[in-house]
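Colleague: One structure, as structure tokens, below. Some questions next.
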Amino acid sequence: MNLEEFAAKLNVLKPAGVPIPEGVVCSTPKEASDAVARIGPSVVKAQVPTGKRGKSGGIKLANTPDEAATAARAIIGMSIAGHSVGRVLVEQQCAIARELYAAVLTDVGSRSPMVLFSTEGGMDIEEVAENKPAAIRRHVVDLSRGFGAADAAALIKGLDLGPAADAIADVLVRLYRIFSTKDAELVEINPLAVLKDGRVVALDCKFVLDDASAARQPELAKVASPPRMTALESRGAEHGLKFIQLDGNVGVLANGAGLTMTTMDVIDHCGGRPANFLEIGGEAYTKAEVALDLVLSNPGVKSLVINFCGAFARTDVMADGVVRAWKKLRPKVPVFFTIHGTGEDEAVKLVRDELGFEPYDLMEDAVKAAVEAAR
Amino acid sequence: MIYRRGQKVLVQGITGKQGSFWAEKMMECGTEVVGGVNPKRAREVYLGVPIFSSAVEAARHVKCDVSVIFIPPALAKDAIIDAIDAGVGTIVTLTEHIPSHDVLEIFARLRSSNSRIVGPNTAGIVTPGEGFVGIMPGHNPNVFKPGSVGVISRSGSLGTLMCLNLTRAGHGQSAFIGIGGDPIIGTTSLDALMALDRDERTTSVVLVGEIGGSMEEAAAEYARSMRKPVCAFIAGRSSPPDKKMGHAGAIVSGGQGGYGPKRAALERAGVRVADTPMEIAAFLSELNAREYAQVARK
């Protein structure tokens, strides 16, 4: 779950004592001009849970209230990487002396938290990592020791940060505290600015909350941006189903993430295009009826592959769900089954007796037939 | 991470619906379950085995080589740390969606122990003919058959399909190691590959990978030096970027974790990569035919 910039600044950085510029969230040009009248020359920034806002024209300077209204009018309603902009953050302009980068994230390689710092702030960290790998300093945190002032000082030692060094070290310690107490996957400040008057301020912030921890961070989950979903995807989410709508024409219903991805791959390999990802894995194997309903609600679907390979998920239970949905919906699209594993005999019998379909033995044959039928 | 008959298994969460169902299946299959854990039902006998209040308590009374975690995400961390404290060698963690900071804490604790975690979010480990630990159809002879192919998979469903295909083509398995679909897991493809390389009963290895992360690349480096042939299938070739494909680990973002680099790394290391899971069985049959021809020539 991502927090937009203003949500991350107000709900994460500010309470943790990381300095941020004065700013106001506005959803109309009038609010933006009022904000500039109060706080002076500002930056007007689109609030969307994605990067690359500047390059898309989503960040503009406004020195007067009128300019703020104009900027807000231009930005609100624009679309950035598929996200439509509903709000802007109007934030006081700062006299920047230097731009830095700071982040704490979950490092898969070391299975530990990692603190990152770079003097190459203000640009994509992936680019810095690629072109100037030495410009990034990394500290793998030993959880039993944590990350304190001495660790932060050691991390930035020798970087010639002048009198700002102490304030930067302090921000790093606070950032680690945020990471470890707020169930973050990533908390990033880019740029972390040293101002001409010597202050150190977070000019942007990215915060990613671990999805699995939403229940124990209810305040943050509440202010996180909802994921962008199609109507069908939201319907899937309501039923606790992971459904991803794609623009193909062969519908997919399989159990387990690995098998579902593979069914899509084999469709692709046989010259077809998958219409969706939808897995009924784990306990969700009992939801075949709703799941099939979802797949068939996609008007792009011209044929359907049902691929069950039961282990934990029982194919007889899934087949029963499919039979119920099929009888209820009476779809016109042709369906191609392949069923193996737990409960296989009962499942095959159900599909044969109730629907009159003969499952294919090989998944490839079922997929080839479905791809052919969708043409 | 390879189950062997005679290893003693503790089931944490044995009294739950899934815990009971799969504990029974494991026992039917020959797995030696020596006890279960449920703090509220300690000292009872359930499915013919004693229930203990904790893994630490269990270890005082019975030998526990392997523990399997049937515990919901919010409580999984405590259960796993209990198993680490009990000195259990292999902790098979089936639980999905454990909060990532709990996972970090678990791995920090693991470092100062001699335990190993398989998973989280694994479907378990199977040795056909000997037993299994987890939620794989280890008891189903259509899927698993004793033999000499070692199978490593991040996915239970796809691993099942792979073993089913192998069995039908006459390639029995020496071991199935389900490593799990999470981004941070205790036993990686590389770890499993090394174990199968050392395993005397394994003569060839099938690596079932997925998009996301860089585990397959790391395994490829090692496969290069192996004398046993390795073939692979990588799922997720057609998956759109920036979307999690069911598994938290299966995401391609910022160009990282894509299909192309994984396949290229494996092929550079001499691993044959299949376009579909069915091709794997054919690869193995070719290998066997070649070996047979060599033996016949001598």
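Letters A, B, ... mark the chains of the structure tokens in the order given; residue numbers begin at 1 per chain; ligand numbers begin at 1, in order shown.
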If you run DSSP on the backbone, which residues of stretch 166-221 of chain A are strand (DSSP E), as an NGL selection string?

Modeller: :A and (184-195 or 200-202 or 206-209)

Colleague: Those residues with C-alpha atoms, as an mmCIF file, in the first residue's frame please?

Modeller:
data_model
loop_
_atom_site.group_PDB
_atom_site.id
_atom_site.type_symbol
_atom_site.label_atom_id
_atom_site.label_comp_id
_atom_site.auth_asym_id
_atom_site.auth_seq_id
_atom_site.Cartn_x
_atom_site.Cartn_y
_atom_site.Cartn_z
ATOM 1 C CA ALA A 184 7.018 -0.054 6.381
ATOM 2 C CA GLU A 185 8.351 -1.897 3.375
ATOM 3 C CA LEU A 186 10.017 1.309 2.289
ATOM 4 C CA VAL A 187 10.315 4.839 3.612
ATOM 5 C CA GLU A 188 12.242 7.175 1.345
ATOM 6 C CA ILE A 189 13.073 10.879 1.347
ATOM 7 C CA ASN A 190 14.197 12.115 -2.055
ATOM 8 C CA PRO A 191 15.291 14.807 -2.030
ATOM 9 C CA LEU A 192 16.354 15.363 1.512
ATOM 10 C CA ALA A 193 17.416 18.995 1.176
ATOM 11 C CA VAL A 194 20.027 21.054 2.954
ATOM 12 C CA LEU A 195 18.688 24.621 2.727
ATOM 13 C CA VAL A 200 17.654 19.956 6.695
ATOM 14 C CA VAL A 201 14.145 19.313 5.303
ATOM 15 C CA ALA A 202 12.298 16.448 3.608
ATOM 16 C CA LYS A 206 7.494 7.866 -0.283
ATOM 17 C CA PHE A 207 6.042 5.412 2.196
ATOM 18 C CA VAL A 208 5.022 1.847 1.360
ATOM 19 C CA LEU A 209 3.056 -0.006 4.026
#

Colleague: Could you give me, as a Markdown table, a per-residue list for chain B showing, wherever an atom lies at most 6 Å from an atom of chain A, the closest pair of atoms and their distance in Å to one decimal, using only C-alpha atoms and sorting by chain then residue number from low to high?

Modeller:
| residue | atom | partner | partner_atom | distance |
| --- | --- | --- | --- | --- |
| B:His97 | CA | A:Ala212 | CA | 5.4 |
| B:Pro99 | CA | A:Ala212 | CA | 4.9 |
| B:Leu104 | CA | A:Ser112 | CA | 5.8 |
| B:Ile135 | CA | A:Phe312 | CA | 5.5 |
| B:Met136 | CA | A:Ala311 | CA | 5.2 |
| B:Pro137 | CA | A:Ala311 | CA | 5.0 |
| B:Ser155 | CA | A:Gly258 | CA | 5.1 |
| B:Ser157 | CA | A:Gly256 | CA | 5.4 |
| B:Leu158 | CA | A:Leu259 | CA | 4.6 |
| B:Ile184 | CA | A:Val108 | CA | 5.6 |
| B:Ala235 | CA | A:Thr262 | CA | 5.3 |
| B:Gly236 | CA | A:Met261 | CA | 5.2 |
| B:Arg237 | CA | A:Asp265 | CA | 5.9 |
| B:Ser238 | CA | A:Asp265 | CA | 5.3 |
| B:Gly246 | CA | A:Ala257 | CA | 5.0 |

Colleague: For B:Asp182, work out the shell of residues within 7 Å, counting only C-alpha atoms and skipping chain neighbours fewer than 4 positions away, then give it as number ranges by chain.

Modeller: B: 120-121, 247-249

Colleague: Got time to write the residues from that selection, N, CA, C and O atoms, as a PDB file, in the first residue's frame?

Modeller:
ATOM      1  N   PRO B 120       8.607 -18.833   4.480  1.00  0.00           N
ATOM      2  CA  PRO B 120       7.153 -19.013   4.572  1.00  0.00           C
ATOM      3  C   PRO B 120       6.474 -19.151   3.206  1.00  0.00           C
ATOM      4  O   PRO B 120       7.093 -18.929   2.184  1.00  0.00           O
ATOM      5  N   ASN B 121       5.173 -19.479   3.314  1.00  0.00           N
ATOM      6  CA  ASN B 121       4.327 -19.615   2.133  1.00  0.00           C
ATOM      7  C   ASN B 121       4.804 -20.756   1.235  1.00  0.00           C
ATOM      8  O   ASN B 121       4.792 -20.649   0.019  1.00  0.00           O
ATOM      9  N   HIS B 247       1.508 -14.458  -5.648  1.00  0.00           N
ATOM     10  CA  HIS B 247       2.633 -14.559  -4.712  1.00  0.00           C
ATOM     11  C   HIS B 247       3.233 -13.179  -4.504  1.00  0.00           C
ATOM     12  O   HIS B 247       3.451 -12.444  -5.458  1.00  0.00           O
ATOM     13  N   ALA B 248       3.524 -12.858  -3.243  1.00  0.00           N
ATOM     14  CA  ALA B 248       4.127 -11.554  -2.957  1.00  0.00           C
ATOM     15  C   ALA B 248       5.475 -11.417  -3.653  1.00  0.00           C
ATOM     16  O   ALA B 248       5.905 -10.315  -3.997  1.00  0.00           O
ATOM     17  N   GLY B 249       6.139 -12.548  -3.905  1.00  0.00           N
ATOM     18  CA  GLY B 249       7.461 -12.484  -4.536  1.00  0.00           C
ATOM     19  C   GLY B 249       7.399 -12.342  -6.042  1.00  0.00           C
ATOM     20  O   GLY B 249       8.377 -11.951  -6.678  1.00  0.00           O
TER      21      GLY B 249
END

Colleague: Excluding stretch 58-71 of chain B and residues on its chain fewer than 4 positions from it, collect all residues at most 7 Å away from it, counting only C-alpha atoms, and give them as a list in words.

Modeller: Gln7, Lys8, Val9, Leu10, Val11, Gln12, Gly13, Gly19, Val34, Phe52, Ser54, Leu75, Ala76, Ala86, Val88, Gly89, Thr90, Ile91, Val92, Thr93, Leu94, Thr95, Val133 and Gly134 of chain B

Colleague: Write out as a ChimeraX atom specification the set of residues from stretch 114-279 of chain B that DSSP, computed on the backbone, places in helix (DSSP H, G or I).

Modeller: /B:156-168,189-198,215-223,259-268,277-279

Colleague: Just give me the gap between atom CA of B:Gly209 and atom CA of B:Ala232 in Å, one decimal is fine.

Modeller: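 It comes out at 7.2 Å.
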
Colleague: Identify, on the basis of only C-alpha atoms, every residue whose closest approach to B:Val206 does not exceed 9 Å; exclude the query and any residue fewer than 6 positions from it along the same chain; express the result as number ranges by chain.

Modeller: B: 149-153, 162, 229-233, 280

Colleague: For those residues, write all heavy atoms to a file as a tab-separated table (two decimals), in the first residue's frame.

Modeller:
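Saved file part.tsv follows:
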chain	number	residue	atom	x	y	z
B	149	VAL	N	14.66	-37.89	-9.68
B	149	VAL	CA	14.64	-36.47	-10.09
B	149	VAL	C	14.33	-35.61	-8.87
B	149	VAL	O	13.31	-35.82	-8.19
B	149	VAL	CB	13.57	-36.21	-11.18
B	149	VAL	CG1	13.62	-34.76	-11.63
B	149	VAL	CG2	13.77	-37.14	-12.37
B	150	GLY	N	15.16	-34.63	-8.59
B	150	GLY	CA	14.90	-33.68	-7.52
B	150	GLY	C	14.14	-32.50	-8.09
B	150	GLY	O	14.49	-31.99	-9.14
B	151	VAL	N	13.06	-32.08	-7.41
B	151	VAL	CA	12.24	-30.97	-7.92
B	151	VAL	C	12.22	-29.83	-6.90
B	151	VAL	O	11.94	-30.06	-5.72
B	151	VAL	CB	10.80	-31.43	-8.22
B	151	VAL	CG1	9.97	-30.27	-8.78
B	151	VAL	CG2	10.79	-32.60	-9.20
B	152	ILE	N	12.52	-28.62	-7.38
B	152	ILE	CA	12.48	-27.43	-6.53
B	152	ILE	C	11.39	-26.51	-7.09
B	152	ILE	O	11.38	-26.25	-8.29
B	152	ILE	CB	13.82	-26.66	-6.61
B	152	ILE	CG1	14.99	-27.57	-6.22
B	152	ILE	CG2	13.78	-25.40	-5.75
B	152	ILE	CD1	16.36	-27.00	-6.59
B	153	SER	N	10.48	-26.03	-6.23
B	153	SER	CA	9.42	-25.17	-6.75
B	153	SER	C	9.04	-24.08	-5.76
B	153	SER	O	8.97	-24.31	-4.56
B	153	SER	CB	8.18	-25.99	-7.08
B	153	SER	OG	7.14	-25.15	-7.53
B	162	MET	N	4.00	-30.25	-12.10
B	162	MET	CA	5.29	-30.70	-12.62
B	162	MET	C	5.54	-32.16	-12.24
B	162	MET	O	5.90	-32.97	-13.08
B	162	MET	CB	6.40	-29.79	-12.06
B	162	MET	CG	7.72	-29.92	-12.74
B	162	MET	SD	7.63	-29.56	-14.52
B	162	MET	CE	7.63	-27.76	-14.54
B	229	PRO	N	22.64	-32.90	-14.40
B	229	PRO	CA	21.92	-31.99	-15.30
B	229	PRO	C	20.76	-31.29	-14.59
B	229	PRO	O	20.10	-31.87	-13.72
B	229	PRO	CB	21.41	-32.92	-16.40
B	229	PRO	CG	21.45	-34.29	-15.83
B	229	PRO	CD	22.52	-34.31	-14.78
B	230	VAL	N	20.55	-30.02	-14.95
B	230	VAL	CA	19.46	-29.23	-14.37
B	230	VAL	C	18.61	-28.70	-15.52
B	230	VAL	O	19.16	-28.20	-16.52
B	230	VAL	CB	20.02	-28.02	-13.57
B	230	VAL	CG1	18.88	-27.20	-12.98
B	230	VAL	CG2	20.97	-28.47	-12.47
B	231	CYS	N	17.29	-28.84	-15.43
B	231	CYS	CA	16.43	-28.13	-16.38
B	231	CYS	C	15.42	-27.31	-15.62
B	231	CYS	O	15.19	-27.54	-14.42
B	231	CYS	CB	15.79	-29.08	-17.39
B	231	CYS	SG	15.00	-30.50	-16.69
B	232	ALA	N	14.86	-26.31	-16.27
B	232	ALA	CA	14.06	-25.33	-15.54
B	232	ALA	C	12.85	-24.86	-16.31
B	232	ALA	O	12.82	-24.90	-17.55
B	232	ALA	CB	14.94	-24.13	-15.19
B	233	PHE	N	11.84	-24.46	-15.57
B	233	PHE	CA	10.71	-23.73	-16.13
B	233	PHE	C	10.50	-22.50	-15.25
B	233	PHE	O	10.52	-22.60	-14.02
B	233	PHE	CB	9.43	-24.59	-16.14
B	233	PHE	CG	8.22	-23.82	-16.58
B	233	PHE	CD1	8.03	-23.52	-17.92
B	233	PHE	CD2	7.30	-23.33	-15.65
B	233	PHE	CE1	6.93	-22.77	-18.34
B	233	PHE	CE2	6.20	-22.58	-16.06
B	233	PHE	CZ	6.02	-22.30	-17.41
B	280	ILE	N	9.39	-30.27	-19.84
B	280	ILE	CA	10.40	-30.74	-18.87
B	280	ILE	C	10.52	-32.27	-18.91
B	280	ILE	O	11.62	-32.80	-18.93
B	280	ILE	CB	10.04	-30.26	-17.45
B	280	ILE	CG1	10.17	-28.73	-17.37
B	280	ILE	CG2	10.91	-30.94	-16.40
B	280	ILE	CD1	11.59	-28.21	-17.29

Colleague: Can you list, as a ChimeraX atom specification, every protein, DNA or RNA residue that comes within 9 Å of B:Val252 when you count only C-alpha atoms, leaving out same-chain residues fewer than 4 positions away?

Modeller: /B:211-213,239-244,256-259

Colleague: Neighbouring residues of stretch 318-327 of chain A were defined as those with any atom within 7 Å, considering only C-alpha atoms; residues of the same chain fewer than 4 positions away were excluded. Please report them as an MDAnalysis selection string.

Modeller: chainID A and resid 285:289 292:293 314 331 347 350:351 354:355

Colleague: Can you work out the spacing between atom CA of A:Ala231 and atom CA of A:Gln217 in Å, to one decimal?

Modeller: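 Between atom CA of A:Ala231 and atom CA of A:Gln217 the gap works out to 26.5 Å.
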
Colleague: Measuring atom to atom with only C-alpha atoms, identify which of B:Ile84, B:Ile234, B:Ile51, B:Ala218 is nearest to B:Gly159.

Modeller: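 Under the stated criterion, the closest residue is B:Ile234.
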
Colleague: By how many Å are atom CA of B:Pro261 and atom CA of B:Glu217 apart?

Modeller: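 About the pair atom CA of B:Pro261 and atom CA of B:Glu217: they are 7.8 Å apart.
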